[in-house]
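Since the structure comes first, as structure tokens, the remarks are kept for the end.
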Amino acid sequence: MTDASLVERQAIRKAAIRLGPLVLLLYTAGYLDRVNLGTAALTMNSDLGISTAAFGFATGIFSAGYIALQIPSNLALNKLGPRRWLGFLTMSWGVVAMLTSLIQGESSLVAIRIALGAVEAGLLPGMFMYLTIWFPPRMRGRITAVVCLPFYAILGTPLSAIIMQYANGLMGLAGWRWMFLLEGAPTIIIGLVLLRFLTDSPATAAWLSEEERAALVRVTSTGEAVEKPKIRARDIFDRLRDLRLVTLSLGVSLLWVGFAAITSFLPLIIAGFAEHAHTKLSVVQTGLLSGLVYIPATLVAMAWVSSSDRRNERVWHVAWGALLAAAGTVLAVNAPNLWLTLLGTLLLTSGIYAALFLVWQIPIGHLSGPVAMSVGIAMTTMLGNIGSFMAPYIVGWLRDATGNFDSGLYFIAASLVACAVVTVAGNRIRAKSPHTLTTTHHDDDVEEIMAR
């Protein structure tokens, strides 16, 4: 191993140890404030007279503000820097999450969810952009898997259920109101931690040696990103005209149909399956089962991502992950007992997370330069969130129309199969716009290989 390679490995290891936990905190805080709504629905919906369809609409409308502000939020990140922008956003959505405890019905729930989506719009594009600044392409699958570990579900869902059951009636407040208060407050603290410890780029990292800073700048090709890039309307339209980018972003959207549905409805789905199997579960039991499903799913996803990184292959790993999730969905619907239903749910979550950690890298794999990367990542997550907007409402409407979640789950399975098809087909499209590749870097070839 050469001295340069050793310095590079040391720099990457230091960045992973210092920044990985911070980004994991950021991701966990953002998604806990989404997934806990599904747990709250176990009692909140009946308390406030909210139908499943209305709950699904309120859950999906979160994506309205999210979609509208994706690109502006990434532009703000470029202007202000990741540390200030992500720290500010995290504190803001902590405040909005706590305000969810004050809702009185469908209208106020819809309003608060739009507000939460608006302040969280910079979460995923900002986080993905941040990872491209700090880690080389060959590392991004594994580092994304690590920082996106679903602790918000493994620990957050049971914690939410415990708060709801045992704090119910305390000081005259329903348990679900206490849950929003107690889980929103730490998010504000996490925002302060990010402001203190997050570092904008390798070039400004005082905790790296000069050689380590140079090594990270070289392998990530972010040297030019230290100067704030000027992004014009033309740059945005260039990305919108990129057929390959748009098609692959549609694949992200179809995968997020399944992801949004399980984060919004998993506790309700498990409770419904248990009732169908003539089994009565308490709120805490439902929360524990919902959280436990994610543990083996995480192990499967980590192995999947490691395989993807070793082989420098993304497309087929995403496609097979989506198909595994679709097969699990069909099994869950048709299983004769609760245990096989839970196995199907496990396959569903495993496949979705295996693909989720990788899918965002495919649409932007042929982009280079800070402008194209910033706008491309924001556009990918913006279009991807169309799936998050549609899925909860459609699943909720089908639940009210049929009396169970079977039709909604078949809709999810069809979307996951379509994700596999679109991802494979879209990757075969060659970008024709001359503006797609704005600059030429040594890592362009690596990115192209990883997108195959």
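Chain identifiers are assigned as A, B, and so on, following the order in which chains appear in the structure tokens; residues are numbered from 1 within each chain, and ligands are numbered from 1 in order of appearance.
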DSSP helix (DSSP H, G or I) residues within segment 35-216 of chain A, listed as a PyMOL selection string: chain A and resi 35-48+52-68+70-80+82-102+106-119+123-134+137-147+151-154+156-166+170-172+175-197+202-204+210-216
Sort by chain and increasing residue number a table of all residues of segment 7-115 of chain A within 12 Å of segment 255-268 of chain A, each with its closest pair of atoms and their distance in Å to one decimal, counting only C-alpha atoms, and write it as CSV.
```
residue,atom,partner,partner_atom,distance
A:Tyr31,CA,A:Thr263,CA,8.7
A:Leu32,CA,A:Thr263,CA,9.5
A:Asp33,CA,A:Thr263,CA,10.6
A:Arg34,CA,A:Thr263,CA,7.4
A:Val35,CA,A:Thr263,CA,5.1
A:Asn36,CA,A:Ser264,CA,8.1
A:Leu37,CA,A:Ser264,CA,6.8
A:Gly38,CA,A:Ser264,CA,4.7
A:Thr39,CA,A:Pro267,CA,5.9
A:Ala40,CA,A:Pro267,CA,9.2
A:Ala41,CA,A:Leu268,CA,7.5
A:Leu42,CA,A:Leu268,CA,6.5
A:Thr43,CA,A:Leu268,CA,10.3
A:Met44,CA,A:Leu268,CA,11.8
A:Asn45,CA,A:Leu268,CA,10.9
A:Thr52,CA,A:Phe265,CA,9.7
A:Ala53,CA,A:Phe265,CA,11.5
A:Phe55,CA,A:Ser264,CA,9.3
A:Gly56,CA,A:Ser264,CA,7.9
A:Phe57,CA,A:Ser264,CA,10.8
A:Ala58,CA,A:Ser264,CA,10.4
A:Thr59,CA,A:Ser264,CA,7.0
A:Gly60,CA,A:Ala260,CA,8.3
A:Ile61,CA,A:Ala260,CA,11.7
A:Phe62,CA,A:Ala260,CA,10.8
A:Ser63,CA,A:Ala260,CA,10.2
```
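Pairwise distance (atom CA of Thr423 of chain A, atom CA of Gly251 of chain A) equals 5.3 Å.
In this structure, atom CA of Gly117 of chain A sits 15.5 Å away from atom CA of Ala391 of chain A.
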Given only C-alpha atoms as the counted atoms, nearest of A:Phe197, A:Ala54, A:Pro72, A:Leu208 to Gly396 of chain A: A:Ala54
Env of segment 11-19 of chain A: 8 Å cut, atoms = only C-alpha atoms, seq-sep filter 5 positions within chain, self excluded. Answer as a list in words. Trp134, Phe135, Ile143, Leu198, Leu208, Glu212, Arg213, Ala215 and Leu216 of chain A
The distance between atom CA of Gly141 of chain A and atom CA of Ser388 of chain A is 22.2 Å
Contacts of Met302 of chain A within 10 Å, only C-alpha atoms, excl. fewer than 2 positions in-chain, as a VMD selection string: chain A and resid 141 to 142 144 to 146 149 296 to 300 304 to 308 350 353 to 354 357
Store the residues picked out above in a file with C-alpha atoms, as a PDB file, in the first residue's frame.
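So the final result, stored in selection_2.pdb, reads:
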```
ATOM      1  CA  GLY A 141     -23.279   2.650  -0.626  1.00  0.00           C
ATOM      2  CA  ARG A 142     -21.886   1.525   2.720  1.00  0.00           C
ATOM      3  CA  THR A 144     -25.345   5.643   3.245  1.00  0.00           C
ATOM      4  CA  ALA A 145     -26.454   2.328   4.752  1.00  0.00           C
ATOM      5  CA  VAL A 146     -24.747   3.170   8.041  1.00  0.00           C
ATOM      6  CA  LEU A 149     -29.916   2.712   9.778  1.00  0.00           C
ATOM      7  CA  PRO A 296     -33.332  -8.468  10.441  1.00  0.00           C
ATOM      8  CA  ALA A 297     -34.308  -6.151   7.573  1.00  0.00           C
ATOM      9  CA  THR A 298     -31.363  -3.915   8.456  1.00  0.00           C
ATOM     10  CA  LEU A 299     -28.939  -6.862   8.503  1.00  0.00           C
ATOM     11  CA  VAL A 300     -30.165  -7.998   5.087  1.00  0.00           C
ATOM     12  CA  TRP A 304     -26.906  -6.198   0.146  1.00  0.00           C
ATOM     13  CA  VAL A 305     -25.134  -2.849   0.142  1.00  0.00           C
ATOM     14  CA  SER A 306     -21.755  -4.445   0.871  1.00  0.00           C
ATOM     15  CA  SER A 307     -22.289  -6.729  -2.123  1.00  0.00           C
ATOM     16  CA  SER A 308     -23.138  -3.700  -4.262  1.00  0.00           C
ATOM     17  CA  SER A 350     -35.698  -5.908   3.810  1.00  0.00           C
ATOM     18  CA  TYR A 353     -34.189  -0.865   2.606  1.00  0.00           C
ATOM     19  CA  ALA A 354     -31.730  -2.887   0.516  1.00  0.00           C
ATOM     20  CA  PHE A 357     -29.682   2.784   0.374  1.00  0.00           C
TER      21      PHE A 357
END
```
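The residue set within 7 Å of Leu347 of chain A, counting only C-alpha atoms and dropping same-chain residues fewer than 3 places from it, reads Leu324, Ala325, Gly328, Leu343, Gly344, Ser350 and Gly351 of chain A.
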Report as a ChimeraX atom specification all protein, DNA and RNA residues lying within 12 Å of Ala425 of chain A, evaluated on only C-alpha atoms, omitting residues in the same chain fewer than 6 positions from it. /A:243-245,247-248,250-251,315-316,319,418-419,452
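Using only C-alpha atoms, the smallest distance between any of A:Asp47, A:Thr402, A:Leu192, A:Ala206 and Leu173 of chain A comes from A:Asp47.
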Can you pull out every residue within 7 Å of Gly87 of chain A, counting only C-alpha atoms, but drop anything in the same chain fewer than 3 positions away, and send it as number ranges by chain? A: 83-84, 90-91, 191-192, 194-195
